[in-house]
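Structure first, commentary second.
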Amino acid sequence: MIAAYFGLFTSALLAATVLPMSSEAVIAAMSVSGEYHAGALLAVASTGNTLGSLINWLLGRFCLHWQDRKWFPVGPAALERATNWFNRYGLWSLLLAWTPVIGDPLTLLAGALRVNFWVFLILVAISKTSRYAVILGVIDWIVV
């Protein structure tokens with residue numbers, strides 16, 4: 001049982017990084033099996049996913065050191081556009097950290113823009129936990 005929770009934690013953590021992974025199927029399968037407590041699934045997945053976003057924040061926080069290198073994946077124009085977007089929509093845009101495609105780059109950008117660690121952590125944790133709560137709620141509604 002602990003191994004399964006560790007697997008969920010790992011999949012949630014990796015899914016929140018820039019790696020192309022998904023943890024929704026893992027939490028859904030565990031929930032449908034009926035062998036795991038929904039509260040524990042929520043806590044484990046949310047913690048792993050939030051920590052994965054924290055990895056992105058840390059990468060963003062320190063990656064600009066290399067922005068003048070040829071191999072740096074983001075050009076100055078793209079970085080400026082992203083910065084303008086973030087400045088336009090503000091910190092509350094971190095509540096979209098759960099969304100596919102934009103969520104991971106958003107958390108990276110927050111680190112690059114040196115968003116306050118605690119504000120980042122709180123908003124992203126709310127975002128990630130809410131998503132998993134909705135997933136578990138929908139599964140419970142469908143299965144019952």
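Just so we're on the same page: first chain in the structure tokens is A, next is B, and so on; residues restart at 1 for each chain, and ligands are numbered from 1 in the order they show up.
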**OP:** Could you give me, as a PyMOL selection string, each residue of range 20-106 of chain A that DSSP assigns to alpha helix (DSSP H) when run on this structure's backbone?
**Re:** chain A and resi 24-33+38-63+76-89+103-106
Listing only residues of range 37-72 of chain A within 12 Å of range 2-15 of chain A, what is the closest atom pair and its distance in Å (to one decimal) for each, using only C-alpha atoms, sorted by chain and residue number ascending, as CSV?
```
residue,atom,partner,partner_atom,distance
A:His37,CA,A:Tyr5,CA,10.5
A:Ala38,CA,A:Tyr5,CA,11.5
A:Gly39,CA,A:Tyr5,CA,11.9
A:Ala40,CA,A:Tyr5,CA,8.4
A:Leu41,CA,A:Tyr5,CA,7.4
A:Leu42,CA,A:Leu8,CA,10.1
A:Ala43,CA,A:Phe9,CA,9.3
A:Val44,CA,A:Phe9,CA,5.6
A:Ala45,CA,A:Phe9,CA,5.4
A:Ser46,CA,A:Ala12,CA,7.5
A:Thr47,CA,A:Phe9,CA,7.4
A:Gly48,CA,A:Leu13,CA,4.3
A:Asn49,CA,A:Leu13,CA,4.5
A:Thr50,CA,A:Leu13,CA,7.2
A:Leu51,CA,A:Leu13,CA,6.2
A:Gly52,CA,A:Leu13,CA,4.4
A:Ser53,CA,A:Leu13,CA,7.7
A:Leu54,CA,A:Leu13,CA,9.5
A:Ile55,CA,A:Leu13,CA,9.0
A:Asn56,CA,A:Leu14,CA,10.5
```
Go ahead and dump the residues you just picked, N, CA and C atoms, as a compact mmCIF listing (two decimals), in the first residue's frame.
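Below is the file out_0.txt, written as the result:
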```
# COMPACT_ATOMS: atom_id res chain seq x y z
N HIS A 37 -7.88 5.53 0.75
CA HIS A 37 -8.70 6.59 1.33
C HIS A 37 -8.58 7.85 0.47
N ALA A 38 -9.71 8.44 0.14
CA ALA A 38 -9.72 9.62 -0.74
C ALA A 38 -8.90 10.77 -0.16
N GLY A 39 -8.99 10.97 1.14
CA GLY A 39 -8.22 12.05 1.78
C GLY A 39 -6.72 11.83 1.65
N ALA A 40 -6.29 10.58 1.79
CA ALA A 40 -4.87 10.27 1.64
C ALA A 40 -4.44 10.46 0.19
N LEU A 41 -5.28 10.04 -0.75
CA LEU A 41 -4.95 10.25 -2.16
C LEU A 41 -4.81 11.73 -2.47
N LEU A 42 -5.74 12.52 -1.95
CA LEU A 42 -5.71 13.97 -2.16
C LEU A 42 -4.44 14.58 -1.58
N ALA A 43 -4.10 14.20 -0.37
CA ALA A 43 -2.92 14.76 0.30
C ALA A 43 -1.63 14.37 -0.42
N VAL A 44 -1.51 13.11 -0.80
CA VAL A 44 -0.28 12.62 -1.44
C VAL A 44 -0.11 13.25 -2.82
N ALA A 45 -1.16 13.23 -3.63
CA ALA A 45 -1.07 13.78 -4.99
C ALA A 45 -0.83 15.29 -4.95
N SER A 46 -1.54 15.98 -4.09
CA SER A 46 -1.39 17.44 -3.99
C SER A 46 0.01 17.82 -3.54
N THR A 47 0.54 17.09 -2.57
CA THR A 47 1.88 17.38 -2.07
C THR A 47 2.92 17.13 -3.17
N GLY A 48 2.82 16.00 -3.83
CA GLY A 48 3.77 15.69 -4.90
C GLY A 48 3.70 16.70 -6.04
N ASN A 49 2.49 17.07 -6.44
CA ASN A 49 2.33 18.00 -7.55
C ASN A 49 2.80 19.40 -7.18
N THR A 50 2.54 19.81 -5.96
CA THR A 50 3.01 21.12 -5.50
C THR A 50 4.53 21.14 -5.42
N LEU A 51 5.13 20.07 -4.92
CA LEU A 51 6.59 20.02 -4.87
C LEU A 51 7.20 20.01 -6.28
N GLY A 52 6.54 19.38 -7.22
CA GLY A 52 7.01 19.41 -8.61
C GLY A 52 7.01 20.83 -9.16
N SER A 53 5.97 21.58 -8.83
CA SER A 53 5.92 22.98 -9.24
C SER A 53 6.99 23.81 -8.55
N LEU A 54 7.29 23.43 -7.31
CA LEU A 54 8.37 24.11 -6.60
C LEU A 54 9.72 23.87 -7.29
N ILE A 55 9.92 22.67 -7.83
CA ILE A 55 11.13 22.40 -8.62
C ILE A 55 11.19 23.36 -9.81
N ASN A 56 10.05 23.53 -10.49
CA ASN A 56 10.00 24.48 -11.61
C ASN A 56 10.35 25.88 -11.14
```
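With distances restricted to only C-alpha atoms, A:Val143 is the closest residue to Gly34 in chain A from A:Ser127, A:Ala82, A:Val143, A:Leu91.
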Original post:
So, counting only C-alpha atoms, which residue among A:Leu59, A:Thr107, A:Leu64, A:Ala29 is closest to Phe86 in chain A?
Top reply: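 The shortest atom-to-atom distance to Phe86 in chain A comes from A:Thr107.
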Subject >> Between CA of Thr129 in chain A and CA of Ser23 in chain A - distance in Å to one decimal >> reply: 12.8 Å
